[in-house]
Structure formats: C-alpha cells, structure tokens
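One structure is given here, and the rest of the page talks about it.
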Amino acid sequence: MDSKQSLSERDIITKYILPAIEQSGWNTQTQIREEVTFTAGRIFVKGKKTKRGEKKRADIIIYYKPNIPVAVVEAKDNTHTVGAGMQQVLEYSGTLDIPVAISSNGDGFVIQYRKNCGPKGADLSDRQAGGKGIVSENADLDHFPIPNELWSCYKRYNGLASKEEEDTSLCSYYFDSTGRAPRYYQRVAINRTVEAIARGQNRILLVMATGTGKTYTAFQIIYRLWKAGCKKRILYLADRNNLITQTKKGDFKHFKDKCHIIKHKHIDKSYEIYLALYQGLTNYDEETDAYKQFSPDFFDLIIVDECHRGSVDEDKAWHKILSYFSSATQIGMTATPKETKALSNIEYFGEPIYTYSLKQGIDDGFLAPYKVLRVGMNIDLEGYRPERGKTDINGELIEDRLYNTKDFDRNIVIDERTDLVARKIMEYLTNSDLMAKTIVFCVDIEHAERMRQALLKYAPQEITARSDKYIVRITGDDPVAKGYLEDFINPEQKFPVIATTSKLMSTGTDAQTCKVICIDENIGSMTEFKQIIGRGTRINEEYGKQYFTIIDFRNVTDKFADKDFDGAPVRIKESKQDDKLSEEIIDEGTGEEQIDPVTGEEVEFAEAVYGNENLEGYELGENTTPYGAVVEPVETTRKKTYINGVDVSILSERKQYLDADGRLITTSVKEYCKTGILTSYRSLDNFLQTWNNAEKKRAIIEELENQGIIFEELKDEIKNDLDIFDLICHIAWDAPALTRKERAENVRKRNYWTKYGDKARAVLDALLDKYAQTGIEEIEDMKVLTVDPIKEIGTPAEIVNLFGGKPQYLQAIRELEAEIYSAA
C-alpha cells in the first residue's frame, strides 16, 4: 500500500480535494462548507425513552452565494475508486436539490450533471429547466470546475435564461445575530419559489407538513424579493387571529415598522408589508369591501397561508380578494392541499413546486414520530339498539333503531360512554405523565364541555387543587378561551394541561409541547385529519417533547393506511360546478350533511350559508361568518337525545407503532419483530455467531432498533425481565428463554472471577446486579461506573486501575458477557 492509500478520508479531503477546489477559484471562507449535517437524525421511541438515529452529512457543499448551493462532493479514502461515492452523493444532491454531484478519492473527480445541466452544447436560451449538456465527465485535480462553470450549470438546471432572472435568483437571504439558517428543505422551498417567480410564474403552491416552518419559509421568500426590489408591496393572508399575531411577533418582526396588521377593516396605504385576515378585508358588500380601498394592482405579491381553507372556492369571499388582486404573484402554502371533485388547490395555484411531507419530516428527525392507542368500545364496534321502552333522561321514548359512532354525541348522548372515554384518557395520563399537554377533539362545543366535566371527575385532586385550569374547554364561543389557548401553546406555562375542543385547535395552533392527541369525533375529511395529527408533530426537546401519542376512540386512524395520507397531492377535479347552491352540500369524503359551526348542529346547505368554514377562531367570542352575517343562537334542526343506564365497556385496545419506513405496524409487535429479526439473520446459528463475536452487544441491538424492532414494547408483550438476547432467540426461533436474574445467578454459581482481587470482584458483582436489573447495554457503558452502588467502590479512574487499566477493564467486561451467555 503506497503512502496515499494509507491516508484517512479526512486526510484525503485536507491534502488533495480542498486544495484542488480552492485552486479553481472558490473562496474557502464563503463558498465551501465541510461536513454539512442536513438532517437531525430520526427519533426512535424506546418505551418512554427516545434516541436519535444517524444524521445525514455531506462531506463538502459548494455555494455560489450563501444558501445557493451548486455542487456537493462525496469523498472516499484512496483505497476506493474515484467514483465510489457517486451513488451516495447523487442521493444527497437529489434530497438537497443541488445540480452537480461529485465523487473523489483524492486522485481526481467524477462529475455528474443532474438533468443534463452540464457544459458543452447546453443552450442557455432554453426556457425549460435542465439543459442539453453532458451527463458525466472525469476531471483531474488540476481541473475542478471554476465558479462560472458551476453557476452556468445551476442556471441551466433551474431554467434561468435571462440576466434579470439570474439577478432575482441571487437576491440575498436575511441573516440575524442568532445565526439562524434555513433547514435544507426550507432552502429548497425558498429557492424554488424565488426562481419560479424570476421565470415569470404567477401562481405557486408549496406543500409543507405542519411543524416544518412554513411561516419562516414565507418570511425568507418575502424578504428576498422585497429587498431585491422585485416585489414592493406584499400581503400575507391568513384566516385566524392567532396565526396573524404569531406571525407578526415571530418571524416577521424583522420587518419592523414596514409591517402592519390590518385591523377593524381600517386601511392605511403607507406600509409595504401587510398581514390580514381574509374576513378583515371584507365588508361582505361588493360595493364597500375594505380590500377595494386598495387599487387592484397595489400588491405585487400575496401569500395565502393555509390555502386549503377556501381560497380556491369561487363562491367564497376569500377567493374574491385573490381575484381582485389577480395581477399580483400569489403563493399558496398548506400542509394539506384540498383536492376534491369540486375544489382544487392545484387547479388554481398549479402543481406544487415543492412538497415536504410528514413522513419525510419524521425520517429526517425534524418532526415527532407517534404511537397510536386504538380503543374499541362495545357499543362503537357492535352498535347500540335501545331495549323496548327505553326512555331518555326526560322520560321521552327513544327511537328504536341501531345507533353507531356517527350518532354518538351528535344525535344521541350516552353518559356511560362519555364517562368511559374520560376515564381511559386519565388512566393513560396517570400511567405516563399527568402534566403532558393533551388535546381532546370532540364532536362539537357541547360535547367538549361535557368531556371537560367528565375528565375532572378522574383528575388527581393534588393537581386540581393547584390550579383551576388543569382541564379547560377551548372553543370559539367562549371569550375566555383565547387566554387559555395562549397559555396552552406556551411551553413555559404549565397550565392548562388538558384542552377539550371541537374545531378551534385543529389548525393553526402551534402547540410545541402537545404530547397526547385524543380523538373522539368522526373525521371524514383527510384534510382535517392531517391538520389534527399536525398538532402533535412539533419537537421541543428542551421540554421533553420528542414524540406524541394518539388515542383513537373512533377508528379515524384508519386514515393512516390511506394512500392519500402522505402521498403527493393529486388533482381530481374534472369540471366546474355551475350551480353549487342547488345541490346537496356534503362534507369531503363523508357523505354527511354539514355541521353548523356556531351551534355544532347538523344543518342543510351549510356551505351556501357559511362557506363550509369553521367559524371558531375568526374573532373569539363573536359569531361572524365568512360572509359577514352575525349569527345569533337559533333553533337547531336536530335535538340531541340524552340517555344513561347503558352497559358500555372496552372490548379491545391495540397499540400501534411506526416501522422503519414510517408506516404504522398493523400486525402484533411480536410478529413484526420476528419478521424483522429473521430478515436480518437467516438462522439461529447465524445470530449466535454474530452475537458472540460482537465486541459490544449494544451495536447489534441498535442495528435492529434502527430497522424498526421495538424491544421495549416487545418486552411488555412477552416478558419484561428477559434479556434482549433471550427475547430475540425466543420469538424468532422459539428457543427456551432465561430471565436476566437467572443468567446472573448462573454466573455466580460458576465463580469464575477468583483470579481478581476483592475490590475488582466487588465491581464485577455489582455490574452483574446492574445487568440483572436493566440489561446488557448499561454495563457496556463506562457511565455505569458513576452510578450507585458502583461509585461507592471508587472513582471511575480508581475502578479501572483495579483491573490494571482501561484495556484490561474492557477485557474483563467482555469476559463477564461471555460468562453471562456461555449457556447459549
């Protein structure tokens, strides 16, 4: 082996690759970044504990300007071929949306140009993204591409044909004193949007999962275009007060006095950036609508937050605003684009120019994974038919028919069912964390209040004595709810802990520390389901929020299996409906009549009257429809029946977890884990050989966990005191299993440690006890020397010296493990 082949990958980068890049004119301070970590590492849930998976990291990324990457380089040591890193770097360049992928071993470079954006014959006047250039070429160390060459590739890749388009794409990001920088997917969304606008595209759709920073993404898009002078007056539209106030106080605070919230329909034309509610711009009279105080060409750019909530419906006031300002560039942003036979975000805004899904966010470690607890009650699974002569609480005879979950709490209220749901929720919290922020989604406002009272019955008195706000109702009919909502979403506020709601908290609520989502309502709409799940997906590690649990009382988590749950949005609208008011209005995907958003009751033609928009949250405490009518309490079209004395019990409980591919496991944990183990190890002998040869057993355990094997849950299902080794052998090959305590006692009987001194034997005996309590992983960790009772023997350094030094101590641990598993 020559001297170059003896060098590490790090040495190859330092001695050969970086000098070659610098020699070609790239600035090491501003254009070259090394070891760029671009994911956070997926969170794996182990019982109540979590651990991060491996982060993805690029060896070198080359930038033309900050946040404008033009090439990514994967390095290998010199024992590899020059192109050995190409497949890996192509994967990275695809994820990061970088046009040029480069592999090197220090001898030269293999360069691959994505979308044929390479030199030699590419036509810069071609409007289409990509080019007509070469796909791949080799270069020696003296001929790494110079900045102008890679920038030309970038322009071809993104279809930037003119000088004006190029200048717009190069407008700078905002950088503050905190050093905050966009995550890779935010950068991709920002750059694609700015470049699409540079090319003249005026309708743009961005799809980003809840919790991935849509507002920050919008801020950077606005800032870049505004500072460059491309867009001088900007309107940011949302549909809820809390979204506007959060935005102004948060990311948009950097606009300072240039930014203004339109309130009370008062129009001031002296600002440059406006934030407004849709309903804050309309007087619901076409002659006097507030937005018409602006000229139609006043705004250059409009950003529509949560654009699925009505902006594409031509009959909505929201859409009329967008139509009035039709000359402005309009960007729709949502986690859940609406695509039905009647409505289409894609028809209005075009195909998404970028989609970042919940699954991708979980895989990258930027969003929290979830567990599901499905609870099936007898009357939910079998239905409820009242016995002959059954009366309600008022003595009225109950209609004789079969009632099911579509009826419960909407048409008929069964006290025992409400009580059992509340008891189950509090039982779960008692066994996990009574102070875990929890949202309980109910059928309507009345159900939410009833659920609040039922939960209080089972709440621990030591907590309710500390605060009256342990369990609250947060719904749009109650002016006090605004304060409750602000405290609930504030991580620093301990109370409220449990919030019952109907629709108000289903969207636009940034609940960073929400750890439990309980669903006791029927959800037909995939859009609404995604929004509800999104309330739990944010991560806040400072406050211990790394995953969340969904408790499902209505089987709505069946939607996780729907291909539309995390797939790319697909347009399904075929033709325009000409007479919407004459047809029956149904909820998306349910076939049910709509619910009056003020009263919570079923009404006819709700879409025609209310625009199918939930009113909660527009102006808390005011019943104002999107069309401006103030709705007074009215006689509802359907009265609820209240009954008690019904036998309600839980027939089934089922826990579900995410597998390595981000899908919910549908088989038992035991069967799932057995399949995963047999996939990794073809036979018991193969596993035993790997286990016995492993320097650290933890490496094998972690490898299996990274493949989705859930040992903590498996222990609960099989037997909690089994060693992981026995657990694996038992479920995969039906081998007899010993408990950890039995294995420890077998070691003591053999008394193998006579060769050690008294204190060293005491250490090994204490380690054996620790193994019996917690398992093999802990005794392999040097930190075990700092815990009781081992730390009483001496400091870690003193304990290691009892064995003659660290190598001898580690050898003693390997011998102890060999004794533990000798019977195997």
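Residue numbers start at 1 in each chain; chains themselves are named A, B, ... in the order of the structure tokens; ligands are numbered from 1 in the order shown.
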For the structure I just gave you, how does DSSP split region 429-527 of chain A - specifically, which residues are strand (DSSP E)? Reply as a PyMOL selection string. chain A and resi 437-441+471-473+498-501+514-519
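Excluding region 539-543 of chain A itself and any same-chain residue fewer than 2 positions from it, the protein and nucleic acid residues within 8 Å of it, counting only C-alpha atoms, are Phe366, Leu367, Ala368, Pro491, Gln512, Thr513, Thr537, Lys545, Gln546 and Tyr547 of chain A.
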Give me the residues within 9 Å of Ile724 (chain A) as an MDAnalysis selection string, counting only C-alpha atoms and dropping any in the same chain fewer than 6 places off. chainID A and resid 701 711 715 775:776
Please dump the current selection as a compact mmCIF listing (two decimals), in the first residue's frame; keep N, CA and C atoms.
```txt
# COMPACT_ATOMS: atom_id res chain seq x y z
N ILE A 701 -27.96 -4.58 19.00
CA ILE A 701 -29.27 -4.12 19.45
C ILE A 701 -29.66 -2.84 18.71
N PHE A 711 -37.86 -3.17 20.96
CA PHE A 711 -37.60 -4.10 22.06
C PHE A 711 -38.37 -3.75 23.33
N LYS A 715 -40.84 -6.38 25.10
CA LYS A 715 -40.72 -6.86 26.48
C LYS A 715 -42.06 -6.81 27.19
N GLY A 775 -30.22 -4.84 32.04
CA GLY A 775 -29.83 -5.44 30.77
C GLY A 775 -28.38 -5.19 30.40
N ILE A 776 -27.99 -5.77 29.27
CA ILE A 776 -26.58 -5.80 28.87
C ILE A 776 -26.06 -4.45 28.43
```
Could you tell me which of A:Ser323, A:Asn404, A:Asn692, A:Thr438 comes closest to Ser822 (chain A) if we count only C-alpha atoms?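 Among A:Ser323, A:Asn404, A:Asn692, A:Thr438, it is A:Asn692 that comes nearest to Ser822 (chain A).
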Just the number, please: distance in Å from CA of Lys749 (chain A) to CA of Asp721 (chain A), one decimal.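 Separation between CA of Lys749 (chain A) and CA of Asp721 (chain A): 20.1 Å.
What separates CA of Val443 (chain A) from CA of Gly476 (chain A) is a distance of 13.8 Å.
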Counting only C-alpha atoms, what are the residues of region 343-420 of chain A within 10 Å of region 553-567 of chain A, and for each of them which pair of atoms is the nearest and at what distance in Å, to one decimal? Sort the table by chain and rising number, as a tab-separated table.
```
residue	atom	partner	partner_atom	distance
A:Thr355	CA	A:Gly567	CA	9.7
A:Tyr356	CA	A:Asp566	CA	9.8
A:Ser357	CA	A:Asp566	CA	6.4
A:Leu358	CA	A:Asp566	CA	6.7
A:Lys359	CA	A:Asp566	CA	6.7
A:Gln360	CA	A:Asp566	CA	9.3
A:Val372	CA	A:Thr557	CA	8.0
A:Leu373	CA	A:Phe553	CA	8.7
A:Arg374	CA	A:Phe553	CA	6.3
A:Val375	CA	A:Phe553	CA	5.2
A:Gly376	CA	A:Phe553	CA	6.4
A:Met377	CA	A:Phe553	CA	7.9
A:Asp380	CA	A:Arg554	CA	7.7
A:Leu381	CA	A:Arg554	CA	9.4
A:Thr405	CA	A:Arg554	CA	6.9
A:Lys406	CA	A:Arg554	CA	9.2
```
As a short mmCIF file (atom, residue, chain, number, x, y, z; two decimals) with N, CA, C and O atoms, in the first residue's frame, please: the residues near Ser680 (chain A) (cut-off 10 Å, only C-alpha atoms, same-chain neighbours under 3 positions excluded).
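And here is the file that came out, out.cif:
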```cif
data_model
loop_
_atom_site.label_atom_id
_atom_site.label_comp_id
_atom_site.auth_asym_id
_atom_site.auth_seq_id
_atom_site.Cartn_x
_atom_site.Cartn_y
_atom_site.Cartn_z
N THR A 675 -40.45 -11.09 12.15
CA THR A 675 -40.16 -10.95 10.72
C THR A 675 -38.90 -10.14 10.51
O THR A 675 -38.05 -10.48 9.67
N GLY A 676 -38.74 -9.05 11.27
CA GLY A 676 -37.56 -8.20 11.13
C GLY A 676 -36.28 -8.91 11.50
O GLY A 676 -35.25 -8.78 10.83
N ILE A 677 -36.32 -9.72 12.57
CA ILE A 677 -35.12 -10.45 13.01
C ILE A 677 -34.74 -11.52 11.99
O ILE A 677 -33.57 -11.68 11.63
N SER A 683 -30.54 -17.69 10.35
CA SER A 683 -30.70 -18.86 11.23
C SER A 683 -30.28 -18.49 12.64
O SER A 683 -29.62 -17.46 12.87
N ASN A 686 -26.53 -18.37 12.82
CA ASN A 686 -26.02 -17.12 12.26
C ASN A 686 -26.10 -15.99 13.28
O ASN A 686 -25.16 -15.21 13.46
N PHE A 687 -27.23 -15.92 14.00
CA PHE A 687 -27.38 -14.89 15.02
C PHE A 687 -26.40 -15.12 16.17
O PHE A 687 -25.75 -14.18 16.65
N GLU A 703 -28.55 -1.76 15.83
CA GLU A 703 -28.78 -2.04 14.40
C GLU A 703 -30.19 -2.55 14.17
O GLU A 703 -30.88 -2.13 13.24
N LEU A 704 -30.65 -3.45 15.03
CA LEU A 704 -32.01 -3.97 14.90
C LEU A 704 -33.05 -2.88 15.20
O LEU A 704 -34.08 -2.80 14.53
N GLN A 707 -33.70 -0.72 12.38
CA GLN A 707 -34.53 -1.37 11.36
C GLN A 707 -35.99 -1.44 11.79
O GLN A 707 -36.83 -2.00 11.09
#
```
Show me, as a list in words, the residues that have an atom within 12 Å of Thr795 (chain A) when counting only C-alpha atoms, minus same-chain residues fewer than 5 positions from it.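 Near Thr795 (chain A), the qualifying residues are Val763, Met782, Lys783, Val784, Leu785, Thr786, Val787, Asp788, Pro789, Ile790, Val800, Asn801 and Leu802 of chain A.
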The selected residues should be written to file as a PDB file, in the first residue's frame (atoms: N, CA and C atoms).
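Contents of selection_36.pdb, as written:
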```
ATOM      1  N   VAL A 763     -16.650  -5.076  42.063  1.00  0.00           N
ATOM      2  CA  VAL A 763     -17.107  -4.321  40.898  1.00  0.00           C
ATOM      3  C   VAL A 763     -17.878  -5.237  39.949  1.00  0.00           C
ATOM      4  N   MET A 782     -19.378   3.067  29.943  1.00  0.00           N
ATOM      5  CA  MET A 782     -18.474   3.483  31.022  1.00  0.00           C
ATOM      6  C   MET A 782     -19.192   4.322  32.078  1.00  0.00           C
ATOM      7  N   LYS A 783     -20.318   4.928  31.709  1.00  0.00           N
ATOM      8  CA  LYS A 783     -21.060   5.749  32.667  1.00  0.00           C
ATOM      9  C   LYS A 783     -21.599   4.929  33.832  1.00  0.00           C
ATOM     10  N   VAL A 784     -21.660   3.610  33.662  1.00  0.00           N
ATOM     11  CA  VAL A 784     -22.170   2.770  34.737  1.00  0.00           C
ATOM     12  C   VAL A 784     -21.299   2.878  35.983  1.00  0.00           C
ATOM     13  N   LEU A 785     -20.055   3.290  35.802  1.00  0.00           N
ATOM     14  CA  LEU A 785     -19.134   3.417  36.942  1.00  0.00           C
ATOM     15  C   LEU A 785     -19.453   4.631  37.812  1.00  0.00           C
ATOM     16  N   THR A 786     -20.356   5.475  37.343  1.00  0.00           N
ATOM     17  CA  THR A 786     -20.679   6.696  38.090  1.00  0.00           C
ATOM     18  C   THR A 786     -21.999   6.586  38.838  1.00  0.00           C
ATOM     19  N   VAL A 787     -22.640   5.400  38.831  1.00  0.00           N
ATOM     20  CA  VAL A 787     -23.939   5.252  39.487  1.00  0.00           C
ATOM     21  C   VAL A 787     -23.815   4.320  40.677  1.00  0.00           C
ATOM     22  N   ASP A 788     -24.779   4.445  41.599  1.00  0.00           N
ATOM     23  CA  ASP A 788     -24.814   3.546  42.761  1.00  0.00           C
ATOM     24  C   ASP A 788     -25.107   2.126  42.312  1.00  0.00           C
ATOM     25  N   PRO A 789     -24.572   1.098  43.023  1.00  0.00           N
ATOM     26  CA  PRO A 789     -23.649   1.209  44.152  1.00  0.00           C
ATOM     27  C   PRO A 789     -22.175   1.205  43.720  1.00  0.00           C
ATOM     28  N   ILE A 790     -21.953   1.191  42.390  1.00  0.00           N
ATOM     29  CA  ILE A 790     -20.581   1.020  41.894  1.00  0.00           C
ATOM     30  C   ILE A 790     -19.718   2.218  42.267  1.00  0.00           C
ATOM     31  N   VAL A 800     -11.113   1.470  37.205  1.00  0.00           N
ATOM     32  CA  VAL A 800     -10.390   0.950  36.037  1.00  0.00           C
ATOM     33  C   VAL A 800      -9.009   0.446  36.443  1.00  0.00           C
ATOM     34  N   ASN A 801      -8.347   1.163  37.345  1.00  0.00           N
ATOM     35  CA  ASN A 801      -6.998   0.761  37.786  1.00  0.00           C
ATOM     36  C   ASN A 801      -6.999  -0.535  38.592  1.00  0.00           C
ATOM     37  N   LEU A 802      -8.149  -0.878  39.182  1.00  0.00           N
ATOM     38  CA  LEU A 802      -8.242  -2.153  39.895  1.00  0.00           C
ATOM     39  C   LEU A 802      -7.985  -3.333  38.958  1.00  0.00           C
TER      40      LEU A 802
END
```
So, counting only C-alpha atoms, which residue among A:Asp239, A:Asp257, A:Glu22, A:Glu91 is closest to Gly280 (chain A)?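 Comparing A:Asp239, A:Asp257, A:Glu22, A:Glu91 against Gly280 (chain A), the winner is A:Asp239.
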May I have the residues within 9 Å of region 47-60 of chain A as a ChimeraX atom specification, using only C-alpha atoms and disregarding those fewer than 3 positions away in the same chain? /A:13,18,32-44,71-75,89,92,364-365,432,546-547,706,710-713
Compare A:Ile362, A:Ile204, A:Val304, A:Ile533 by their minimum atom-to-atom distance to Leu658 (chain A), counting only C-alpha atoms, and give me the closest one.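 Among the listed residues, A:Ile362 lies closest to Leu658 (chain A).
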Rank A:Asp685, A:Ile234, A:Pro337, A:Ala189 by their smallest atom-to-atom distance to His308 (chain A), using only C-alpha atoms, and report the top residue only.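 For His308 (chain A), the nearest of the candidates is A:Pro337.
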Figure out the distance between CA of Glu780 (chain A) and CA of Asp433 (chain A), please, to one decimal in Å. 29.9 Å
Which residue, A:Ala459, A:Glu382, A:Glu778, A:Arg466, has the smallest gap to Tyr428 (chain A) when you use only C-alpha atoms?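 Among A:Ala459, A:Glu382, A:Glu778, A:Arg466, it is A:Ala459 that comes nearest to Tyr428 (chain A).
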If you run DSSP on the backbone, which residues of region 209-320 of chain A are helix (DSSP H, G or I), as a ChimeraX atom specification? /A:214-227,241-249,251-258,278-281,290-293,307-309,317-320
For Thr79 (chain A), the nearest of the candidates A:Glu137, A:Asp400, A:Asp107, A:Asp251, counting only C-alpha atoms: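 Of the candidates, the smallest distance to Thr79 (chain A) is held by A:Asp107.
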